[in-house]
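J.: If you scroll down you'll find the structure; I have some questions about it.
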Amino acid sequence: MSVAARLAELELTLPEVVPPVAAYVPAVRQGDLVYTAGQLPMVNGELPATGKVGTGVGLVDPEQAQALARQAALNGLAAAASLVGDVEKITRVVKVVGFVASDVTFTGQPQVINGASQVLQEIFGDAGVHARSAVGVAVLPMDAPVEVELILEVA
Amino acid sequence: MSVAARLAELELTLPEVVPPVAAYVPAVRQGDLVYTAGQLPMVNGELPATGKVGTGVGLVDPEQAQALARQAALNGLAAAASLVGDVEKITRVVKVVGFVASDVTFTGQPQVINGASQVLQEIFGDAGVHARSAVGVAVLPMDAPVEVELILEVA
Amino acid sequence: MSVAARLAELELTLPEVVPPVAAYVPAVRQGDLVYTAGQLPMVNGELPATGKVGTGVGLVDPEQAQALARQAALNGLAAAASLVGDVEKITRVVKVVGFVASDVTFTGQPQVINGASQVLQEIFGDAGVHARSAVGVAVLPMDAPVEVELILEVA
């Protein structure tokens with residue numbers, strides 16, 4: 001099944017490419033790989049939530065953070081697809097790094113970044129299964145709760 | 001000398017591959033490279049210690065953290081060896097990233113991650129010498145004190 | 001225009017290669033890529049400033065941090081140029097990761113890491129435009145305010 005068909009079946013549309021917030025580009029191809037910039041979970045140019053992830057007053061709920069990680073991954077795919085011209089040219093998800101702005105007591109980064117990992121597997125099937133690191137950082141650009149970067153294989 | 005012989009001389013046995021704690025795989029090959037997932041210092045399915053690294057009451061001692069970084073690197077090697085089928089196929093350690101869950105006053109991340117770097121050099125000799133980043137993060141999955149990821153060249 | 005001519009025009013001299021602070025090397029080549037180690041903004045063997053970046057008493061000013069990120073990028077270029085023998089062999093900046101030791105209220109990591117991104121673009125022009133991640137971490141080695149790593153394409 002084509003990636004486009006799979007996206008349709010999942011009722012997913014790749015978002016518009018998010019413009020970089022500074023002096024870089026959303027993705028670069030080198031050889032068979034596309035490296036994306038770190039993607040924030042922007043939706044129509046805005047962050048749906050800001051702050052640190054954790055459990056407690058004033059923190060971003062881990063379930064909401066998981067949805068944000070999914071959005072960040074979709075933004076990364078959109079950046080890569082735009083660069084290579086066609087989402088069908090993405091042949092493999094190689095590596096994902098997920099940064100979670102974390103309250104220092106919050107240790108559920110893997111579950112948060114599953115939001116990114118799972119949508120990639122839904123879209124690409126076996127080719128979407130990847131190596132991954134998830135870490136809890138102090139703070140992210142624009143106070144985003146998550147940031148996700150991708151290394152993708154392209155044809 | 002073969003890698004297996006070197007491991008024997010060092011009285012080291014590669015650990016069992018640690019199952020991922022979420023929706024990803026321990027390692028992915030793309031071309032001549034293997035990217036490992038971020039490896040926690042699991043021993044027989046458990047973390048030998050948890051918490052932030054630093055000097056003071058309630059913190060993980062830097063020397064213990066160094067031993068944990070060594071364990072995480074061995075877990076990464078095990079993941080890569082399992083993927084390519086034979087540890088002898090690992091021809092070069094290219095890059096190591098070490099994340100240290102750090103008390104904000106602790107600045108000895110390089111010495112902690114030396115636990116990973118040194119065991120890779122003991123095992124692979126000149127081919128084990130790599131580029132490396134070490135950073136101090138707020139918190140890691142499962143409250144692990146360290147997380148290490150590897151990029152390895154394979155034959 | 002050659003890279004050397006561009007450096008001269010910018011009145012820039014690549015610094016001496018900064019010796020690693022632990023058991024690794026400043027850069028490794030694998031295929032067409034050079035991976036640098038995480039570079040601290042060392043100048044003549046010393047950090048011009050230490051501490052967390054933010055706005056307030058006792059913090060490193062974001063503008064100063066931007067200058068430090070620029071220095072770290074130059075140190076990375078120096079490491080890569082030394083490894084491949086000639087800065088002209090660097091054909092493309094592929095990826096930059098910038099870690100900013102951040103006060104938890106500071107969310108301007110992109111502007112800080114622009115110090116690295118902009119100097120790379122000044123030197124390499126279109127070939128210096130790269131994918132990038134910027135994150136705010138708890139603390140960095142030697143209490144450095146920034147750490148920058150590069151992936152470069154080489155001929």
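Following the order of the structure tokens, first chain is A, next is B, and so on, with residues numbered from 1 inside each chain and ligands from 1 in the order they appear.
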Could you list the residues in chain B lying within 7 Å of chain C, using only C-alpha atoms, and format the result as a compact mmCIF listing (two decimals) with N, CA and C atoms, in the first residue's frame?

T.:
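See selection02.txt below for the written result:
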```
# COMPACT_ATOMS: atom_id res chain seq x y z
N VAL B 94 31.64 5.13 15.63
CA VAL B 94 31.69 6.43 14.98
C VAL B 94 31.35 7.55 15.96
N SER B 102 21.34 15.08 35.60
CA SER B 102 22.32 15.81 36.41
C SER B 102 21.67 16.77 37.39
N VAL B 104 21.80 20.21 39.00
CA VAL B 104 22.21 21.38 38.22
C VAL B 104 23.58 21.92 38.57
N THR B 107 28.93 19.18 36.94
CA THR B 107 29.48 19.50 35.62
C THR B 107 30.49 18.45 35.13
N GLY B 108 30.48 17.28 35.74
CA GLY B 108 31.44 16.24 35.37
C GLY B 108 30.90 15.20 34.40
N GLN B 109 30.00 15.62 33.50
CA GLN B 109 29.43 14.68 32.52
C GLN B 109 30.52 13.96 31.70
N PRO B 110 31.62 14.66 31.30
CA PRO B 110 32.63 13.93 30.50
C PRO B 110 33.22 12.73 31.23
N GLN B 111 33.48 12.87 32.50
CA GLN B 111 34.06 11.76 33.25
C GLN B 111 33.06 10.62 33.39
N ASN B 114 32.91 8.82 30.12
CA ASN B 114 34.11 8.02 29.89
C ASN B 114 33.90 6.54 30.19
N SER B 117 32.96 5.40 26.86
CA SER B 117 34.03 5.56 25.85
C SER B 117 35.18 4.60 26.10
N GLN B 118 35.54 4.43 27.36
CA GLN B 118 36.70 3.59 27.66
C GLN B 118 36.44 2.13 27.35
N VAL B 129 37.75 4.33 19.03
CA VAL B 129 37.89 5.75 19.36
C VAL B 129 36.89 6.55 18.52
N HIS B 130 36.10 7.38 19.15
CA HIS B 130 34.92 7.97 18.52
C HIS B 130 34.78 9.45 18.84
N ALA B 131 33.92 10.11 18.06
CA ALA B 131 33.46 11.46 18.42
C ALA B 131 32.35 11.32 19.45
N ARG B 132 32.18 12.33 20.27
CA ARG B 132 31.25 12.15 21.39
C ARG B 132 30.69 13.47 21.89
N SER B 133 29.44 13.43 22.31
CA SER B 133 28.85 14.54 23.05
C SER B 133 28.38 14.02 24.39
N VAL B 135 26.08 15.51 27.67
CA VAL B 135 25.28 16.63 28.17
C VAL B 135 24.57 16.24 29.45
N GLY B 136 24.23 17.25 30.24
CA GLY B 136 23.52 17.01 31.49
C GLY B 136 22.06 17.37 31.33
N VAL B 137 21.18 16.38 31.42
CA VAL B 137 19.76 16.62 31.21
C VAL B 137 19.00 16.61 32.53
N ALA B 138 17.74 17.04 32.46
CA ALA B 138 16.94 17.22 33.67
C ALA B 138 16.58 15.88 34.31
```

J.: From a DSSP pass on the backbone, collect the residues of chain C flagged as alpha helix (DSSP H) and hand them back as a PDB file with N, CA and C atoms, in the first residue's frame.

T.:
```pdb
ATOM      1  N   VAL C   3      36.587  28.364   0.477  1.00  0.00           N
ATOM      2  CA  VAL C   3      36.262  28.561   1.895  1.00  0.00           C
ATOM      3  C   VAL C   3      37.326  29.440   2.548  1.00  0.00           C
ATOM      4  N   ALA C   4      38.568  29.213   2.179  1.00  0.00           N
ATOM      5  CA  ALA C   4      39.657  30.020   2.764  1.00  0.00           C
ATOM      6  C   ALA C   4      39.478  31.508   2.425  1.00  0.00           C
ATOM      7  N   ALA C   5      39.088  31.784   1.185  1.00  0.00           N
ATOM      8  CA  ALA C   5      38.870  33.183   0.784  1.00  0.00           C
ATOM      9  C   ALA C   5      37.704  33.790   1.562  1.00  0.00           C
ATOM     10  N   ARG C   6      36.684  32.971   1.759  1.00  0.00           N
ATOM     11  CA  ARG C   6      35.512  33.452   2.494  1.00  0.00           C
ATOM     12  C   ARG C   6      35.870  33.740   3.953  1.00  0.00           C
ATOM     13  N   LEU C   7      36.671  32.841   4.534  1.00  0.00           N
ATOM     14  CA  LEU C   7      37.124  33.068   5.911  1.00  0.00           C
ATOM     15  C   LEU C   7      37.920  34.368   5.998  1.00  0.00           C
ATOM     16  N   ALA C   8      38.784  34.589   5.013  1.00  0.00           N
ATOM     17  CA  ALA C   8      39.597  35.812   5.010  1.00  0.00           C
ATOM     18  C   ALA C   8      38.713  37.049   4.900  1.00  0.00           C
ATOM     19  N   GLU C   9      37.725  36.958   4.001  1.00  0.00           N
ATOM     20  CA  GLU C   9      36.812  38.086   3.817  1.00  0.00           C
ATOM     21  C   GLU C   9      36.047  38.396   5.107  1.00  0.00           C
ATOM     22  N   PRO C  62      21.724  36.095  26.917  1.00  0.00           N
ATOM     23  CA  PRO C  62      21.509  35.403  25.643  1.00  0.00           C
ATOM     24  C   PRO C  62      22.403  35.904  24.504  1.00  0.00           C
ATOM     25  N   GLU C  63      22.695  37.180  24.474  1.00  0.00           N
ATOM     26  CA  GLU C  63      23.574  37.681  23.407  1.00  0.00           C
ATOM     27  C   GLU C  63      24.995  37.149  23.553  1.00  0.00           C
ATOM     28  N   GLN C  64      25.458  37.079  24.793  1.00  0.00           N
ATOM     29  CA  GLN C  64      26.785  36.500  25.004  1.00  0.00           C
ATOM     30  C   GLN C  64      26.771  35.007  24.637  1.00  0.00           C
ATOM     31  N   ALA C  65      25.683  34.352  24.987  1.00  0.00           N
ATOM     32  CA  ALA C  65      25.566  32.922  24.669  1.00  0.00           C
ATOM     33  C   ALA C  65      25.592  32.693  23.165  1.00  0.00           C
ATOM     34  N   GLN C  66      24.993  33.637  22.413  1.00  0.00           N
ATOM     35  CA  GLN C  66      25.013  33.520  20.956  1.00  0.00           C
ATOM     36  C   GLN C  66      26.452  33.596  20.423  1.00  0.00           C
ATOM     37  N   ALA C  67      27.243  34.476  21.002  1.00  0.00           N
ATOM     38  CA  ALA C  67      28.652  34.571  20.602  1.00  0.00           C
ATOM     39  C   ALA C  67      29.404  33.290  20.966  1.00  0.00           C
ATOM     40  N   LEU C  68      29.035  32.693  22.082  1.00  0.00           N
ATOM     41  CA  LEU C  68      29.682  31.441  22.487  1.00  0.00           C
ATOM     42  C   LEU C  68      29.302  30.299  21.541  1.00  0.00           C
ATOM     43  N   ALA C  69      28.063  30.292  21.082  1.00  0.00           N
ATOM     44  CA  ALA C  69      27.638  29.258  20.130  1.00  0.00           C
ATOM     45  C   ALA C  69      28.408  29.393  18.819  1.00  0.00           C
ATOM     46  N   ARG C  70      28.649  30.633  18.427  1.00  0.00           N
ATOM     47  CA  ARG C  70      29.466  30.882  17.234  1.00  0.00           C
ATOM     48  C   ARG C  70      30.875  30.312  17.417  1.00  0.00           C
ATOM     49  N   GLN C  71      31.450  30.550  18.584  1.00  0.00           N
ATOM     50  CA  GLN C  71      32.792  30.023  18.868  1.00  0.00           C
ATOM     51  C   GLN C  71      32.794  28.490  18.851  1.00  0.00           C
ATOM     52  N   ALA C  72      31.772  27.889  19.436  1.00  0.00           N
ATOM     53  CA  ALA C  72      31.707  26.424  19.466  1.00  0.00           C
ATOM     54  C   ALA C  72      31.627  25.866  18.045  1.00  0.00           C
ATOM     55  N   ALA C  73      30.867  26.531  17.179  1.00  0.00           N
ATOM     56  CA  ALA C  73      30.772  26.075  15.785  1.00  0.00           C
ATOM     57  C   ALA C  73      32.111  26.190  15.078  1.00  0.00           C
ATOM     58  N   LEU C  74      32.825  27.281  15.328  1.00  0.00           N
ATOM     59  CA  LEU C  74      34.156  27.434  14.727  1.00  0.00           C
ATOM     60  C   LEU C  74      35.100  26.347  15.240  1.00  0.00           C
ATOM     61  N   ASN C  75      34.999  26.014  16.511  1.00  0.00           N
ATOM     62  CA  ASN C  75      35.815  24.929  17.048  1.00  0.00           C
ATOM     63  C   ASN C  75      35.476  23.602  16.350  1.00  0.00           C
ATOM     64  N   GLY C  76      34.200  23.399  16.070  1.00  0.00           N
ATOM     65  CA  GLY C  76      33.801  22.188  15.355  1.00  0.00           C
ATOM     66  C   GLY C  76      34.350  22.155  13.941  1.00  0.00           C
ATOM     67  N   LEU C  77      34.285  23.281  13.260  1.00  0.00           N
ATOM     68  CA  LEU C  77      34.869  23.364  11.912  1.00  0.00           C
ATOM     69  C   LEU C  77      36.360  23.081  11.941  1.00  0.00           C
ATOM     70  N   ALA C  78      37.034  23.650  12.944  1.00  0.00           N
ATOM     71  CA  ALA C  78      38.477  23.428  13.066  1.00  0.00           C
ATOM     72  C   ALA C  78      38.772  21.943  13.255  1.00  0.00           C
ATOM     73  N   ALA C  79      37.965  21.270  14.059  1.00  0.00           N
ATOM     74  CA  ALA C  79      38.157  19.835  14.292  1.00  0.00           C
ATOM     75  C   ALA C  79      37.980  19.050  12.999  1.00  0.00           C
ATOM     76  N   ALA C  80      36.956  19.392  12.244  1.00  0.00           N
ATOM     77  CA  ALA C  80      36.685  18.682  10.991  1.00  0.00           C
ATOM     78  C   ALA C  80      37.766  18.971   9.962  1.00  0.00           C
ATOM     79  N   ALA C  81      38.160  20.237   9.853  1.00  0.00           N
ATOM     80  CA  ALA C  81      39.180  20.610   8.869  1.00  0.00           C
ATOM     81  C   ALA C  81      40.503  19.926   9.180  1.00  0.00           C
ATOM     82  N   SER C  82      40.834  19.841  10.442  1.00  0.00           N
ATOM     83  CA  SER C  82      42.073  19.177  10.850  1.00  0.00           C
ATOM     84  C   SER C  82      42.024  17.692  10.480  1.00  0.00           C
ATOM     85  N   LEU C  83      40.859  17.084  10.674  1.00  0.00           N
ATOM     86  CA  LEU C  83      40.733  15.649  10.383  1.00  0.00           C
ATOM     87  C   LEU C  83      40.889  15.364   8.899  1.00  0.00           C
ATOM     88  N   VAL C  84      40.231  16.154   8.046  1.00  0.00           N
ATOM     89  CA  VAL C  84      40.270  15.859   6.612  1.00  0.00           C
ATOM     90  C   VAL C  84      41.423  16.573   5.912  1.00  0.00           C
ATOM     91  N   GLN C 109      16.382  29.408  23.070  1.00  0.00           N
ATOM     92  CA  GLN C 109      17.483  28.577  22.545  1.00  0.00           C
ATOM     93  C   GLN C 109      17.719  28.801  21.043  1.00  0.00           C
ATOM     94  N   PRO C 110      16.655  28.956  20.220  1.00  0.00           N
ATOM     95  CA  PRO C 110      16.920  29.146  18.788  1.00  0.00           C
ATOM     96  C   PRO C 110      17.794  30.367  18.496  1.00  0.00           C
ATOM     97  N   GLN C 111      17.545  31.464  19.186  1.00  0.00           N
ATOM     98  CA  GLN C 111      18.339  32.669  18.942  1.00  0.00           C
ATOM     99  C   GLN C 111      19.793  32.451  19.386  1.00  0.00           C
ATOM    100  N   VAL C 112      19.971  31.744  20.483  1.00  0.00           N
ATOM    101  CA  VAL C 112      21.345  31.452  20.931  1.00  0.00           C
ATOM    102  C   VAL C 112      22.078  30.626  19.878  1.00  0.00           C
ATOM    103  N   ILE C 113      21.449  29.562  19.402  1.00  0.00           N
ATOM    104  CA  ILE C 113      22.143  28.663  18.466  1.00  0.00           C
ATOM    105  C   ILE C 113      22.264  29.299  17.085  1.00  0.00           C
ATOM    106  N   ASN C 114      21.513  30.344  16.805  1.00  0.00           N
ATOM    107  CA  ASN C 114      21.756  31.118  15.583  1.00  0.00           C
ATOM    108  C   ASN C 114      23.205  31.597  15.494  1.00  0.00           C
ATOM    109  N   GLY C 115      23.858  31.788  16.626  1.00  0.00           N
ATOM    110  CA  GLY C 115      25.272  32.159  16.583  1.00  0.00           C
ATOM    111  C   GLY C 115      26.093  31.140  15.818  1.00  0.00           C
ATOM    112  N   ALA C 116      25.760  29.859  16.003  1.00  0.00           N
ATOM    113  CA  ALA C 116      26.436  28.798  15.242  1.00  0.00           C
ATOM    114  C   ALA C 116      25.946  28.771  13.796  1.00  0.00           C
ATOM    115  N   SER C 117      24.635  28.802  13.631  1.00  0.00           N
ATOM    116  CA  SER C 117      24.061  28.645  12.287  1.00  0.00           C
ATOM    117  C   SER C 117      24.496  29.777  11.354  1.00  0.00           C
ATOM    118  N   GLN C 118      24.504  30.990  11.888  1.00  0.00           N
ATOM    119  CA  GLN C 118      24.817  32.131  11.021  1.00  0.00           C
ATOM    120  C   GLN C 118      26.270  32.123  10.557  1.00  0.00           C
ATOM    121  N   VAL C 119      27.192  31.761  11.446  1.00  0.00           N
ATOM    122  CA  VAL C 119      28.596  31.778  11.016  1.00  0.00           C
ATOM    123  C   VAL C 119      28.847  30.681   9.973  1.00  0.00           C
ATOM    124  N   LEU C 120      28.142  29.572  10.103  1.00  0.00           N
ATOM    125  CA  LEU C 120      28.299  28.501   9.104  1.00  0.00           C
ATOM    126  C   LEU C 120      27.780  28.958   7.741  1.00  0.00           C
ATOM    127  N   GLN C 121      26.699  29.718   7.754  1.00  0.00           N
ATOM    128  CA  GLN C 121      26.160  30.232   6.496  1.00  0.00           C
ATOM    129  C   GLN C 121      27.036  31.336   5.921  1.00  0.00           C
ATOM    130  N   GLU C 122      27.605  32.147   6.798  1.00  0.00           N
ATOM    131  CA  GLU C 122      28.534  33.185   6.315  1.00  0.00           C
ATOM    132  C   GLU C 122      29.731  32.540   5.613  1.00  0.00           C
ATOM    133  N   ILE C 123      30.211  31.454   6.175  1.00  0.00           N
ATOM    134  CA  ILE C 123      31.416  30.818   5.625  1.00  0.00           C
ATOM    135  C   ILE C 123      31.102  30.000   4.378  1.00  0.00           C
ATOM    136  N   PHE C 124      30.022  29.217   4.405  1.00  0.00           N
ATOM    137  CA  PHE C 124      29.774  28.253   3.336  1.00  0.00           C
ATOM    138  C   PHE C 124      28.657  28.669   2.380  1.00  0.00           C
TER     139      PHE C 124
END
```

J.: Which residues in stretch 60-147 of chain A does DSSP call strand (DSSP E)? List them as an MDAnalysis selection string.

T.: chainID A and resid 90:101 131:137 146:147

J.: Selection from above, C-alpha atoms, as a PDB file, in the first residue's frame, can you write it?

T.:
```pdb
ATOM      1  CA  ILE A  90      10.431   8.023   2.179  1.00  0.00           C
ATOM      2  CA  THR A  91      11.412   4.363   2.428  1.00  0.00           C
ATOM      3  CA  ARG A  92      12.374   3.931   6.052  1.00  0.00           C
ATOM      4  CA  VAL A  93      12.309   5.634   9.432  1.00  0.00           C
ATOM      5  CA  VAL A  94      15.826   5.108  10.789  1.00  0.00           C
ATOM      6  CA  LYS A  95      16.095   7.120  13.993  1.00  0.00           C
ATOM      7  CA  VAL A  96      13.969   9.326  16.206  1.00  0.00           C
ATOM      8  CA  VAL A  97      15.191  11.538  19.021  1.00  0.00           C
ATOM      9  CA  GLY A  98      12.535  12.921  21.325  1.00  0.00           C
ATOM     10  CA  PHE A  99      13.187  15.704  23.797  1.00  0.00           C
ATOM     11  CA  VAL A 100      10.562  16.192  26.505  1.00  0.00           C
ATOM     12  CA  ALA A 101      10.632  19.393  28.579  1.00  0.00           C
ATOM     13  CA  ALA A 131      15.741   3.195  16.834  1.00  0.00           C
ATOM     14  CA  ARG A 132      14.935   5.928  19.301  1.00  0.00           C
ATOM     15  CA  SER A 133      16.186   8.002  22.202  1.00  0.00           C
ATOM     16  CA  ALA A 134      13.893   9.858  24.587  1.00  0.00           C
ATOM     17  CA  VAL A 135      15.291  12.276  27.140  1.00  0.00           C
ATOM     18  CA  GLY A 136      13.900  14.780  29.596  1.00  0.00           C
ATOM     19  CA  VAL A 137      15.332  18.261  29.127  1.00  0.00           C
ATOM     20  CA  VAL A 146       8.239  18.333  23.177  1.00  0.00           C
ATOM     21  CA  GLU A 147      10.678  18.438  20.266  1.00  0.00           C
TER      22      GLU A 147
END
```
